[in-house]
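**Q** What follows is entry_27.cif; its format and atoms are mmCIF, C-alpha atoms.
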```cif
data_entry
loop_
_atom_site.label_atom_id
_atom_site.label_comp_id
_atom_site.auth_asym_id
_atom_site.auth_seq_id
_atom_site.Cartn_x
_atom_site.Cartn_y
_atom_site.Cartn_z
CA MET B 1423 -67.36 22.43 -26.08
CA THR B 1424 -63.59 22.70 -26.02
CA ILE B 1425 -61.36 23.63 -23.10
CA THR B 1426 -58.29 25.45 -24.37
CA ALA B 1427 -55.34 25.53 -21.99
CA ALA B 1428 -51.61 26.19 -22.24
CA ALA B 1429 -49.20 23.91 -20.35
CA ASP B 1430 -45.59 24.76 -19.60
CA GLY B 1431 -42.64 23.82 -17.41
CA SER B 1432 -39.54 25.53 -16.07
CA ALA B 1433 -36.30 24.43 -14.39
CA LEU B 1434 -33.65 26.74 -13.01
CA GLY B 1435 -30.41 24.98 -13.89
CA ASN B 1436 -32.13 22.03 -15.59
CA PRO B 1437 -32.00 20.07 -13.39
CA GLY B 1438 -32.65 22.38 -10.48
CA PRO B 1439 -35.64 23.98 -8.79
CA ALA B 1440 -38.49 23.19 -11.15
CA GLY B 1441 -42.01 24.39 -11.75
CA TRP B 1442 -45.01 23.59 -13.92
CA ALA B 1443 -48.27 25.31 -14.75
CA TRP B 1444 -51.36 25.15 -16.91
CA TYR B 1445 -53.47 28.17 -17.69
CA VAL B 1446 -56.97 28.75 -19.10
CA ASN B 1447 -57.57 32.26 -17.76
CA ASP B 1448 -56.83 34.30 -14.65
CA ASP B 1449 -59.58 32.50 -12.74
CA CYS B 1450 -58.62 29.04 -13.91
CA TRP B 1451 -54.99 27.94 -13.63
CA ARG B 1452 -52.75 25.82 -11.45
CA ALA B 1453 -49.05 25.59 -10.71
CA GLY B 1454 -46.64 23.55 -8.63
CA GLY B 1455 -43.13 22.22 -8.62
CA TRP B 1456 -40.29 20.48 -6.82
CA PRO B 1457 -36.98 21.51 -5.26
CA HIS B 1458 -35.15 19.48 -7.90
CA GLY B 1459 -36.34 18.50 -11.37
CA THR B 1460 -35.95 19.10 -15.09
CA ASN B 1461 -37.73 21.24 -17.62
CA ASN B 1462 -39.15 18.15 -19.35
CA GLN B 1463 -40.58 16.87 -16.08
CA GLY B 1464 -42.26 20.22 -15.54
CA GLU B 1465 -43.72 20.16 -19.05
CA LEU B 1466 -45.09 16.64 -18.57
CA MET B 1467 -46.46 17.38 -15.10
CA ALA B 1468 -48.32 20.44 -16.38
CA VAL B 1469 -50.22 18.29 -18.89
CA LEU B 1470 -50.79 15.53 -16.33
CA ASP B 1471 -52.22 17.94 -13.77
CA LEU B 1472 -54.46 19.53 -16.40
CA LEU B 1473 -55.88 16.09 -17.22
CA ARG B 1474 -56.44 15.33 -13.54
CA ALA B 1475 -58.04 18.72 -12.91
CA THR B 1476 -60.54 18.19 -15.74
CA ALA B 1477 -61.24 14.52 -15.06
CA HIS B 1478 -64.71 15.43 -13.72
CA VAL B 1479 -65.72 16.75 -17.16
CA PRO B 1480 -64.57 13.88 -19.43
CA GLY B 1481 -67.06 14.90 -22.10
CA GLU B 1482 -65.28 18.20 -22.67
CA ASP B 1483 -62.68 18.24 -25.43
CA LEU B 1484 -59.21 19.39 -24.45
CA ARG B 1485 -57.09 21.59 -26.70
CA ILE B 1486 -53.63 21.67 -25.12
CA LEU B 1487 -51.21 24.36 -26.25
CA CYS B 1488 -47.62 23.31 -25.66
CA ASP B 1489 -44.21 24.67 -26.70
CA SER B 1490 -42.44 21.38 -25.98
CA GLN B 1491 -41.97 19.02 -28.91
CA TYR B 1492 -40.68 16.46 -26.40
CA VAL B 1493 -44.09 16.35 -24.70
CA ILE B 1494 -46.12 16.38 -27.91
CA ASN B 1495 -44.10 13.66 -29.58
CA SER B 1496 -43.84 11.56 -26.43
CA ILE B 1497 -47.63 11.40 -26.13
CA THR B 1498 -48.72 11.37 -29.78
CA LYS B 1499 -45.88 9.47 -31.48
CA TRP B 1500 -43.46 7.62 -29.23
CA MET B 1501 -45.56 6.30 -26.34
CA PRO B 1502 -47.19 3.35 -28.17
CA GLY B 1503 -43.77 2.05 -29.25
CA TRP B 1504 -42.28 2.56 -25.79
CA LYS B 1505 -45.14 0.59 -24.25
CA ARG B 1506 -44.69 -2.29 -26.70
CA LYS B 1507 -41.01 -2.44 -25.76
CA GLY B 1508 -41.74 -2.44 -22.03
CA TRP B 1509 -41.16 1.30 -21.70
CA ARG B 1510 -37.78 1.14 -23.37
CA LYS B 1511 -36.45 3.21 -26.25
CA ALA B 1512 -35.31 1.90 -29.60
CA ASP B 1513 -31.75 1.52 -28.28
CA GLY B 1514 -33.00 -0.63 -25.39
CA LYS B 1515 -32.40 2.01 -22.71
CA PRO B 1516 -35.18 2.82 -20.23
CA VAL B 1517 -37.45 5.70 -21.14
CA LEU B 1518 -36.79 8.79 -19.04
CA ASN B 1519 -39.59 10.17 -16.86
CA VAL B 1520 -41.37 6.85 -17.21
CA GLU B 1521 -43.58 7.25 -14.13
CA LEU B 1522 -44.94 10.54 -15.41
CA LEU B 1523 -45.53 9.02 -18.82
CA LYS B 1524 -47.36 6.03 -17.35
CA GLU B 1525 -49.59 8.36 -15.34
CA LEU B 1526 -50.28 10.39 -18.48
CA ASP B 1527 -51.16 7.23 -20.37
CA ARG B 1528 -53.70 6.31 -17.70
CA GLU B 1529 -55.23 9.79 -17.54
CA LEU B 1530 -55.57 10.00 -21.32
CA ALA B 1531 -57.75 6.89 -21.44
CA GLY B 1532 -61.15 7.83 -22.82
CA ARG B 1533 -60.35 11.53 -23.12
CA THR B 1534 -60.84 13.62 -26.25
CA TYR B 1535 -57.87 15.88 -26.85
CA THR B 1536 -55.59 17.57 -29.34
CA PHE B 1537 -52.13 19.04 -28.93
CA GLU B 1538 -51.10 22.21 -30.69
CA TRP B 1539 -47.48 23.36 -30.80
CA VAL B 1540 -46.97 27.04 -30.05
CA LYS B 1541 -43.70 28.89 -30.23
CA GLY B 1542 -42.39 29.67 -26.75
CA HIS B 1543 -41.51 33.21 -25.70
CA ALA B 1544 -43.19 34.61 -28.80
CA GLY B 1545 -45.98 36.63 -27.22
CA HIS B 1546 -48.73 33.97 -27.21
CA ASP B 1547 -50.97 35.11 -24.33
CA LEU B 1548 -51.83 31.71 -22.86
CA ASN B 1549 -48.33 30.30 -23.31
CA GLU B 1550 -46.77 33.36 -21.71
CA ALA B 1551 -49.17 33.14 -18.76
CA ALA B 1552 -48.37 29.46 -18.19
CA ASP B 1553 -44.64 30.10 -18.56
CA GLU B 1554 -44.76 32.96 -16.05
CA ARG B 1555 -46.50 30.81 -13.45
CA ALA B 1556 -44.21 27.80 -14.00
CA ARG B 1557 -41.15 30.01 -13.65
CA ALA B 1558 -42.59 31.63 -10.52
CA ALA B 1559 -43.09 28.20 -8.96
CA ALA B 1560 -39.51 27.18 -9.78
CA THR B 1561 -38.24 30.45 -8.31
CA ALA B 1562 -40.28 29.91 -5.15
CA TYR B 1563 -38.69 26.51 -4.62
CA GLN B 1564 -35.28 28.02 -5.30
CA GLN B 1565 -35.88 30.65 -2.61
CA GLY B 1566 -37.50 28.23 -0.18
CA VAL B 1567 -40.83 30.07 -0.04
CA ALA B 1568 -44.38 28.90 -0.68
CA ALA B 1569 -45.32 28.65 -4.33
CA ARG B 1570 -48.68 29.99 -5.53
CA SER B 1571 -50.78 27.02 -6.58
CA GLY B 1572 -53.58 28.94 -8.29
CA PRO B 1573 -57.36 28.55 -8.12
CA GLY B 1574 -57.51 25.31 -10.10
CA PHE B 1575 -60.37 24.19 -12.35
CA PRO B 1576 -63.97 24.88 -11.24
CA GLY B 1577 -65.39 21.81 -9.56
CA GLY B 1578 -62.20 19.88 -10.11
CA HIS B 1579 -60.44 17.67 -7.60
CA HIS B 1580 -56.72 17.08 -7.49
CA PRO B 1581 -55.04 14.36 -5.42
CA ALA B 1582 -53.35 15.56 -2.27
CA ALA B 1583 -49.67 15.08 -1.55
CA ALA B 1584 -49.69 11.30 -1.76
CA GLY B 1585 -51.03 11.41 -5.30
CA ASP B 1586 -48.32 13.61 -6.78
CA LEU B 1587 -45.21 12.15 -8.31
CA GLN B 1588 -42.01 12.92 -6.48
CA PRO B 1589 -38.75 13.87 -8.18
CA ALA B 1590 -37.22 10.65 -6.85
CA THR B 1591 -39.56 8.74 -9.15
CA LEU B 1592 -38.76 11.00 -12.10
CA ASP B 1593 -35.19 9.91 -12.80
CA ILE B 1594 -33.89 12.64 -10.45
CA PRO B 1595 -32.18 11.26 -7.32
CA ALA B 1596 -33.39 13.87 -4.86
CA ALA B 1597 -36.06 14.14 -2.23
CA GLY B 1598 -39.02 16.26 -3.19
CA GLN B 1599 -42.21 17.85 -2.04
CA ALA B 1600 -45.58 17.29 -3.62
CA SER B 1601 -47.49 20.17 -5.12
CA PRO B 1602 -50.38 21.64 -3.11
CA PRO B 1603 -53.92 20.59 -4.04
CA ALA B 1604 -56.07 22.82 -6.17
CA ALA B 1605 -58.89 24.87 -4.70
CA PRO B 1606 -62.19 25.20 -6.56
CA VAL B 1607 -63.31 28.55 -7.91
CA GLY B 1608 -66.75 29.89 -8.57
CA ARG B 1609 -66.48 30.96 -12.18
CA THR B 1610 -66.56 28.72 -15.22
CA PRO B 1611 -63.72 29.32 -17.69
CA PRO B 1612 -64.61 30.26 -21.23
CA ALA B 1613 -64.76 27.36 -23.61
CA GLY B 1614 -65.66 27.20 -27.25
CA GLY B 1615 -64.83 25.93 -30.66
CA PRO B 1616 -65.63 22.74 -32.50
CA VAL B 1617 -64.24 19.34 -31.75
CA VAL B 1618 -61.01 19.11 -33.72
CA SER B 1619 -60.18 15.45 -33.22
CA THR B 1620 -60.30 12.63 -30.72
CA GLY B 1621 -57.65 10.66 -28.93
CA GLY B 1622 -56.88 8.78 -25.78
CA GLY B 1623 -54.59 6.56 -23.81
CA ASN B 1624 -55.06 2.97 -22.81
CA ALA B 1625 -55.26 1.52 -19.33
CA GLY B 1626 -56.73 -1.60 -17.83
CA GLY B 1627 -57.68 -3.03 -21.21
CA LYS B 1628 -60.20 -0.25 -21.94
CA PRO B 1629 -60.95 0.61 -25.55
CA ARG B 1630 -58.75 3.32 -26.94
CA ALA B 1631 -59.81 6.04 -29.33
CA THR B 1632 -57.77 6.93 -32.39
CA PRO B 1633 -54.92 9.29 -31.34
CA ALA B 1634 -55.52 12.89 -32.24
CA PRO B 1635 -53.43 14.58 -34.89
CA VAL B 1636 -51.34 17.29 -33.27
CA SER B 1637 -52.37 19.79 -35.93
CA ALA B 1638 -52.49 20.00 -39.69
CA ALA B 1639 -49.10 21.67 -39.68
CA PHE B 1640 -47.47 18.51 -38.27
CA GLU B 1641 -49.03 16.00 -40.63
CA GLU B 1642 -46.81 14.26 -43.16
CA LEU B 1643 -43.67 15.92 -41.83
CA ASP B 1644 -40.65 14.34 -40.30
CA LEU B 1645 -39.98 14.89 -36.64
CA PHE B 1646 -38.29 18.25 -36.89
CA SER B 1647 -39.34 19.73 -40.25
CA GLU B 1648 -41.93 22.02 -38.72
CA LEU B 1649 -39.45 23.23 -36.15
CA ASP B 1650 -37.02 24.13 -38.90
CA ASN B 1651 -39.64 26.20 -40.68
CA GLU B 1652 -40.93 27.93 -37.57
CA ALA B 1653 -37.72 28.41 -35.61
CA LEU B 1654 -35.33 29.63 -38.28
CA ASP B 1655 -36.49 33.19 -37.81
CA VAL B 1656 -34.97 33.06 -34.31
CA ALA B 1657 -31.54 33.28 -35.91
CA GLU B 1658 -32.31 36.11 -38.34
CA ALA B 1659 -30.82 38.88 -36.22
CA THR B 1660 -27.55 37.06 -35.57
CA GLN B 1661 -27.03 35.51 -38.98
CA GLN B 1662 -28.59 37.19 -42.00
CA GLY B 1663 -27.18 40.60 -42.68
CA SER B 1664 -24.61 40.24 -39.93
CA SER B 1665 -21.37 42.20 -40.27
CA ILE B 1666 -19.52 39.75 -38.00
CA GLU B 1667 -16.76 37.78 -39.69
CA PRO B 1668 -17.79 34.14 -40.31
CA GLU B 1669 -15.06 32.79 -38.03
CA ALA B 1670 -16.23 34.93 -35.11
CA LEU B 1671 -19.90 34.18 -35.80
CA VAL B 1672 -19.27 30.44 -35.89
CA GLU B 1673 -17.39 30.61 -32.59
CA GLU B 1674 -20.32 32.50 -31.07
CA LEU B 1675 -22.81 29.92 -32.37
CA GLU B 1676 -20.67 27.03 -31.07
CA ARG B 1677 -20.57 28.58 -27.60
CA GLU B 1678 -24.33 29.07 -27.76
CA LEU B 1679 -24.83 25.41 -28.64
CA LEU B 1680 -22.77 24.38 -25.61
CA GLY B 1681 -25.17 26.13 -23.19
CA PRO B 1682 -27.76 23.87 -21.47
CA LEU B 1683 -30.64 26.29 -22.06
CA VAL B 1684 -30.06 26.20 -25.81
CA ARG B 1685 -29.27 22.48 -25.91
CA GLY B 1686 -32.55 21.77 -24.10
CA ASP B 1687 -34.50 23.94 -26.56
CA ILE B 1688 -35.33 21.64 -29.45
CA GLY B 1689 -36.47 24.56 -31.58
CA ARG B 1690 -33.12 26.30 -31.29
CA THR B 1691 -31.06 23.15 -31.89
CA ALA B 1692 -33.16 22.61 -35.00
CA VAL B 1693 -31.82 25.94 -36.23
CA LEU B 1694 -28.20 25.29 -35.34
CA LEU B 1695 -27.84 21.70 -36.57
CA HIS B 1696 -27.69 21.05 -40.30
CA PRO B 1697 -30.31 18.57 -41.62
CA ASP B 1698 -27.43 16.20 -42.49
CA PHE B 1699 -25.58 16.72 -39.19
CA MET B 1700 -23.46 13.85 -37.88
CA GLU B 1701 -21.25 13.55 -34.81
CA ILE B 1702 -18.59 11.05 -33.85
CA GLY B 1703 -18.57 11.45 -30.09
CA SER B 1704 -15.62 11.12 -27.74
CA SER B 1705 -17.03 7.72 -26.72
CA GLY B 1706 -16.91 6.55 -30.33
CA ARG B 1707 -20.66 6.65 -30.79
CA VAL B 1708 -22.06 8.03 -34.06
CA TRP B 1709 -24.97 10.45 -33.68
CA THR B 1710 -27.50 11.55 -36.28
CA ARG B 1711 -29.26 14.89 -36.07
CA ASP B 1712 -32.58 13.47 -34.84
CA ALA B 1713 -30.92 11.25 -32.25
CA MET B 1714 -28.79 14.13 -31.01
CA MET B 1715 -31.74 16.50 -30.71
CA MET B 1716 -33.83 13.99 -28.78
CA ALA B 1717 -30.91 13.20 -26.46
CA LEU B 1718 -30.26 16.88 -25.76
CA GLU B 1719 -33.94 17.52 -25.15
CA GLU B 1720 -33.96 14.79 -22.51
CA ASP B 1721 -30.60 15.74 -20.96
CA PRO B 1722 -29.01 19.04 -22.00
CA GLY B 1723 -26.12 18.56 -19.57
CA GLU B 1724 -24.11 21.36 -17.99
CA ARG B 1725 -22.42 24.37 -19.53
CA THR B 1726 -19.02 23.45 -20.98
CA ASP B 1727 -15.96 25.69 -20.78
CA ILE B 1728 -13.83 25.73 -23.92
CA GLU B 1729 -10.51 27.04 -25.21
CA VAL B 1730 -10.63 27.87 -28.92
CA LEU B 1731 -7.60 26.55 -30.76
CA GLY B 1732 -8.43 27.80 -34.23
CA ALA B 1733 -11.10 28.92 -36.67
CA GLU B 1734 -10.23 28.43 -40.32
CA ARG B 1735 -12.37 29.39 -43.27
CA ILE B 1736 -12.62 26.69 -45.93
CA GLY B 1737 -13.69 28.35 -49.15
CA THR B 1738 -16.60 30.76 -48.92
CA SER B 1739 -19.16 28.54 -47.28
CA ALA B 1740 -17.46 26.54 -44.54
CA VAL B 1741 -15.54 27.19 -41.31
CA LEU B 1742 -13.58 24.59 -39.35
CA LEU B 1743 -13.53 25.34 -35.63
CA THR B 1744 -11.19 23.46 -33.29
CA TYR B 1745 -11.16 23.78 -29.52
CA ARG B 1746 -10.50 22.07 -26.21
CA SER B 1747 -13.40 21.40 -23.85
CA PHE B 1748 -13.07 20.94 -20.11
CA ALA B 1749 -15.08 18.53 -17.95
CA ARG B 1750 -14.69 16.71 -14.66
CA SER B 1751 -13.63 13.60 -16.54
CA GLY B 1752 -10.82 15.46 -18.34
CA THR B 1753 -10.26 17.46 -21.49
CA THR B 1754 -11.43 16.66 -25.00
CA LEU B 1755 -10.13 17.95 -28.31
CA ARG B 1756 -13.00 18.85 -30.60
CA SER B 1757 -13.55 19.93 -34.18
CA SER B 1758 -16.73 21.36 -35.71
CA LEU B 1759 -17.44 21.97 -39.36
CA TRP B 1760 -19.95 24.77 -39.89
CA VAL B 1761 -21.40 25.33 -43.34
CA LEU B 1762 -23.45 28.12 -44.88
CA ASP B 1763 -26.93 26.76 -45.59
CA GLY B 1764 -29.56 29.08 -47.04
CA GLY B 1765 -27.80 32.14 -45.64
CA ARG B 1766 -27.35 30.63 -42.16
CA TRP B 1767 -24.37 28.97 -40.53
CA ARG B 1768 -25.27 25.48 -39.32
CA LEU B 1769 -23.22 22.72 -37.74
CA ARG B 1770 -22.66 19.93 -40.29
CA PHE B 1771 -20.13 17.68 -38.52
CA HIS B 1772 -18.60 17.37 -35.06
CA GLN B 1773 -15.99 15.06 -33.58
CA GLY B 1774 -14.50 14.75 -30.12
CA THR B 1775 -11.33 12.95 -29.05
CA PRO B 1776 -10.25 12.57 -25.39
CA GLU B 1777 -6.93 14.35 -24.86
CA ALA B 1778 -4.07 12.12 -23.79
#
```
Can the structure from this file be put into structure tokens for me?

**A**
Amino acid sequence: MTITAAADGSALGNPGPAGWAWYVNDDCWRAGGWPHGTNNQGELMAVLDLLRATAHVPGEDLRILCDSQYVINSITKWMPGWKRKGWRKADGKPVLNVELLKELDRELAGRTYTFEWVKGHAGHDLNEAADERARAAATAYQQGVAARSGPGFPGGHHPAAAGDLQPATLDIPAAGQASPPAAPVGRTPPAGGPVVSTGGGNAGGKPRATPAPVSAAFEELDLFSELDNEALDVAEATQQGSSIEPEALVEELERELLGPLVRGDIGRTAVLLHPDFMEIGSSGRVWTRDAMMMALEEDPGERTDIEVLGAERIGTSAVLLTYRSFARSGTTLRSSLWVLDGGRWRLRFHQGTPEA
């Protein structure tokens, strides 16, 4: 038998009041949150709580529907390398959300699971239900009222307050409140479908099963190829067939890319950044597309105010946008080269220089 559940997270402000939720059906779901956290933390916590809530049925296969590539790739691709490096990334910096990831690694030990990427906010019933509950939990913490925790999983047990990770341990320097424990319900959620694949974590030297493939769609693709194919239709209305002049459209897309909600959405940045994108940052660091997308997914930053200095068309398929950005540390002069790629404007090159 297979338990199919959607897991999702939400953060108002990112970071800000945050929520998480997993959902099987109306009689089987759970949600919680913190006064201060990030969207990624909510996404990870939703999966972690689902694993804890189903720990009493380890023989049941888990099919986890998730709209976060950060979560899927962290668990199925990056975690083994991070562990070998002492929970550090390829550049030697500590892995973000490491306590959550360590807990996930422990809970995955011996479990049979698969992850399936679903497009967020696209009408998928289970994903929408999890998103609604995660957002409601974040809103409750924002308003200082009690968040609905949900009925939980039948027969399941979830650790009380002391067992939940606090935002202070999740790379967010703020006090937090643990999520309420789940309450059992009397009805068994529907489950069905064949075993797709097996996988597991590794803790205490226990044998580890072969990690599950995320889905056939993700096999033999680079990290973001599937996102490009699936997410490009998001831009159809604003790009293809648009009557807006290229200069104005590029300015609109640049402003969109500067917003934290878009920057934290790896599917949307996959649309906006050209496959050969490169940036020379104001610090002098050179960024590739994959490195930039992963960095933005982990820390989308705050909204940036800008003053457009110019937008100049270069031939028929390129626009050079120059502008000044404002931050607490000062102003930066920036230039972005947008090119027409398959009927869509995508950012090919960006450079920032601190203003004297």

**Q** May I have a table of the residues of range 1713-1759 of chain B lying at most 12 Å from range 1698-1708 of chain B, giving each one's closest pair of atoms and their distance in Å to one decimal, counting only C-alpha atoms, ordered by chain and ascending residue number, as JSON lines?

**A**
```
{"residue": "B:Ala1713", "atom": "CA", "partner": "B:Val1708", "partner_atom": "CA", "distance": 9.6}
{"residue": "B:Met1714", "atom": "CA", "partner": "B:Glu1701", "partner_atom": "CA", "distance": 8.5}
{"residue": "B:Met1715", "atom": "CA", "partner": "B:Phe1699", "partner_atom": "CA", "distance": 10.5}
{"residue": "B:Ser1747", "atom": "CA", "partner": "B:Ser1704", "partner_atom": "CA", "distance": 11.2}
{"residue": "B:Ser1751", "atom": "CA", "partner": "B:Ser1704", "partner_atom": "CA", "distance": 11.6}
{"residue": "B:Gly1752", "atom": "CA", "partner": "B:Ser1704", "partner_atom": "CA", "distance": 11.4}
{"residue": "B:Thr1753", "atom": "CA", "partner": "B:Ser1704", "partner_atom": "CA", "distance": 10.4}
{"residue": "B:Thr1754", "atom": "CA", "partner": "B:Ser1704", "partner_atom": "CA", "distance": 7.5}
{"residue": "B:Leu1755", "atom": "CA", "partner": "B:Ser1704", "partner_atom": "CA", "distance": 8.8}
{"residue": "B:Arg1756", "atom": "CA", "partner": "B:Ser1704", "partner_atom": "CA", "distance": 8.6}
{"residue": "B:Ser1757", "atom": "CA", "partner": "B:Glu1701", "partner_atom": "CA", "distance": 10.0}
{"residue": "B:Ser1758", "atom": "CA", "partner": "B:Glu1701", "partner_atom": "CA", "distance": 9.1}
{"residue": "B:Leu1759", "atom": "CA", "partner": "B:Phe1699", "partner_atom": "CA", "distance": 9.7}
```

**Q** Between CA of Phe1575 in chain B and CA of Asp1483 in chain B, what is the distance in Å, rounded to a tenth?

**A**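 Separation of CA of Phe1575 in chain B and CA of Asp1483 in chain B: 14.6 Å.
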
**Q** At a cut-off of 7 Å, using all atoms listed in the file, what residues contact Val1741 in chain B? Leave out same-chain residues fewer than 4 positions from it and give the result as a VMD selection string.

**A** chain B and resid 1669 1733 to 1736 1759 to 1761

**Q** Taking the file as shown, find all residues satisfying the PyMOL selection byres ((chain B and resi 1570) around 7) and write them as a list in words.

**A** Ala1453, Ala1559, Ala1568, Ala1569, Ser1571 and Gly1572 of chain B

**Q** Go ahead and save the residues from that selection, with C-alpha atoms, as a PDB file, keeping the file's coordinate frame.

**A**
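Here's the written file result-v6.pdb:
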```pdb
ATOM      1  CA  ALA B1453     -49.050  25.590 -10.710  1.00  0.00           C
ATOM      2  CA  ALA B1559     -43.090  28.200  -8.960  1.00  0.00           C
ATOM      3  CA  ALA B1568     -44.380  28.900  -0.680  1.00  0.00           C
ATOM      4  CA  ALA B1569     -45.320  28.650  -4.330  1.00  0.00           C
ATOM      5  CA  SER B1571     -50.780  27.020  -6.580  1.00  0.00           C
ATOM      6  CA  GLY B1572     -53.580  28.940  -8.290  1.00  0.00           C
TER       7      GLY B1572
END
```

**Q** CA of Ile1425 in chain B to CA of Val1446 in chain B: how many Å, to one decimal?

**A**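 For CA of Ile1425 in chain B relative to CA of Val1446 in chain B, the distance reads 7.8 Å.
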
**Q** CA of Leu1680 in chain B to CA of Lys1515 in chain B: how many Å, to one decimal?

**A**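 CA of Lys1515 in chain B lies at a distance of 24.5 Å from CA of Leu1680 in chain B.
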
**Q** Expanded to explicit residues, what is the PyMOL selection byres ((chain B and resi 1668) around 9) for this file, as a list in words?

**A**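 Applying the expression gives Ser1665, Ile1666, Glu1667, Glu1669, Ala1670, Leu1671, Val1672, Glu1673, Arg1735, Ala1740, Val1741 and Trp1767 of chain B.
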
**Q** Go through B:Asp1489, B:Asp1513, B:Glu1538, B:Glu1724 one by one, measure the shortest atom-to-atom distance of each to Ile1688 in chain B using only C-alpha atoms, and give the residue with the smallest value.

**A**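 Looking at the shortest contact to Ile1688 in chain B, the residue is B:Asp1489.
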
**Q** Using the chain letters and numbers from the file, give me the residues hit by the PyMOL selection byres ((chain B and resi 1718) around 12), as a PyMOL selection string.

**A** chain B and resi 1436+1461-1462+1492+1679-1692+1709+1711-1717+1719-1724

**Q** Which residues, protein or nucleic acid, reach to within 10 Å of (-46.8, 25.0, -15.1) in the file's coordinates when using all atoms listed in the file, and can you give that as a PyMOL selection string?

**A** chain B and resi 1428-1432+1440-1445+1451-1455+1464-1469+1471-1472+1549+1551-1560+1571

**Q** Output the selection as a compact mmCIF listing (two decimals), in the frame of the given file - C-alpha atoms for each residue.

**A**
```txt
# COMPACT_ATOMS: atom_id res chain seq x y z
CA ALA B 1428 -51.61 26.19 -22.24
CA ALA B 1429 -49.20 23.91 -20.35
CA ASP B 1430 -45.59 24.76 -19.60
CA GLY B 1431 -42.64 23.82 -17.41
CA SER B 1432 -39.54 25.53 -16.07
CA ALA B 1440 -38.49 23.19 -11.15
CA GLY B 1441 -42.01 24.39 -11.75
CA TRP B 1442 -45.01 23.59 -13.92
CA ALA B 1443 -48.27 25.31 -14.75
CA TRP B 1444 -51.36 25.15 -16.91
CA TYR B 1445 -53.47 28.17 -17.69
CA TRP B 1451 -54.99 27.94 -13.63
CA ARG B 1452 -52.75 25.82 -11.45
CA ALA B 1453 -49.05 25.59 -10.71
CA GLY B 1454 -46.64 23.55 -8.63
CA GLY B 1455 -43.13 22.22 -8.62
CA GLY B 1464 -42.26 20.22 -15.54
CA GLU B 1465 -43.72 20.16 -19.05
CA LEU B 1466 -45.09 16.64 -18.57
CA MET B 1467 -46.46 17.38 -15.10
CA ALA B 1468 -48.32 20.44 -16.38
CA VAL B 1469 -50.22 18.29 -18.89
CA ASP B 1471 -52.22 17.94 -13.77
CA LEU B 1472 -54.46 19.53 -16.40
CA ASN B 1549 -48.33 30.30 -23.31
CA ALA B 1551 -49.17 33.14 -18.76
CA ALA B 1552 -48.37 29.46 -18.19
CA ASP B 1553 -44.64 30.10 -18.56
CA GLU B 1554 -44.76 32.96 -16.05
CA ARG B 1555 -46.50 30.81 -13.45
CA ALA B 1556 -44.21 27.80 -14.00
CA ARG B 1557 -41.15 30.01 -13.65
CA ALA B 1558 -42.59 31.63 -10.52
CA ALA B 1559 -43.09 28.20 -8.96
CA ALA B 1560 -39.51 27.18 -9.78
CA SER B 1571 -50.78 27.02 -6.58
```

**Q** Take range 1665-1673 of chain B from the preceding structure and save N, CA, C and O atoms as a PDB file, in the first residue's frame.

**A**
```pdb
ATOM      1  N   SER B1665       2.057  42.906 -26.683  1.00  0.00           N
ATOM      2  CA  SER B1665       2.174  44.128 -27.473  1.00  0.00           C
ATOM      3  C   SER B1665       3.081  45.145 -26.804  1.00  0.00           C
ATOM      4  O   SER B1665       3.281  46.241 -27.324  1.00  0.00           O
ATOM      5  N   ILE B1666       3.624  44.801 -25.618  1.00  0.00           N
ATOM      6  CA  ILE B1666       4.494  45.722 -24.899  1.00  0.00           C
ATOM      7  C   ILE B1666       5.833  45.818 -25.631  1.00  0.00           C
ATOM      8  O   ILE B1666       6.376  44.830 -26.107  1.00  0.00           O
ATOM      9  N   GLU B1667       6.366  47.024 -25.699  1.00  0.00           N
ATOM     10  CA  GLU B1667       7.674  47.222 -26.314  1.00  0.00           C
ATOM     11  C   GLU B1667       8.732  46.429 -25.534  1.00  0.00           C
ATOM     12  O   GLU B1667       8.656  46.324 -24.299  1.00  0.00           O
ATOM     13  N   PRO B1668       9.722  45.870 -26.229  1.00  0.00           N
ATOM     14  CA  PRO B1668      10.734  45.050 -25.547  1.00  0.00           C
ATOM     15  C   PRO B1668      11.398  45.755 -24.377  1.00  0.00           C
ATOM     16  O   PRO B1668      11.651  45.144 -23.337  1.00  0.00           O
ATOM     17  N   GLU B1669      11.702  47.052 -24.541  1.00  0.00           N
ATOM     18  CA  GLU B1669      12.370  47.771 -23.454  1.00  0.00           C
ATOM     19  C   GLU B1669      11.500  47.801 -22.198  1.00  0.00           C
ATOM     20  O   GLU B1669      11.990  47.584 -21.081  1.00  0.00           O
ATOM     21  N   ALA B1670      10.208  48.063 -22.376  1.00  0.00           N
ATOM     22  CA  ALA B1670       9.305  48.113 -21.225  1.00  0.00           C
ATOM     23  C   ALA B1670       9.102  46.725 -20.621  1.00  0.00           C
ATOM     24  O   ALA B1670       9.025  46.563 -19.395  1.00  0.00           O
ATOM     25  N   LEU B1671       9.026  45.703 -21.472  1.00  0.00           N
ATOM     26  CA  LEU B1671       8.837  44.342 -20.988  1.00  0.00           C
ATOM     27  C   LEU B1671      10.050  43.876 -20.191  1.00  0.00           C
ATOM     28  O   LEU B1671       9.915  43.269 -19.122  1.00  0.00           O
ATOM     29  N   VAL B1672      11.239  44.178 -20.695  1.00  0.00           N
ATOM     30  CA  VAL B1672      12.458  43.798 -19.988  1.00  0.00           C
ATOM     31  C   VAL B1672      12.532  44.495 -18.630  1.00  0.00           C
ATOM     32  O   VAL B1672      12.914  43.882 -17.623  1.00  0.00           O
ATOM     33  N   GLU B1673      12.176  45.768 -18.581  1.00  0.00           N
ATOM     34  CA  GLU B1673      12.175  46.471 -17.291  1.00  0.00           C
ATOM     35  C   GLU B1673      11.202  45.811 -16.321  1.00  0.00           C
ATOM     36  O   GLU B1673      11.501  45.643 -15.135  1.00  0.00           O
TER      37      GLU B1673
END
```
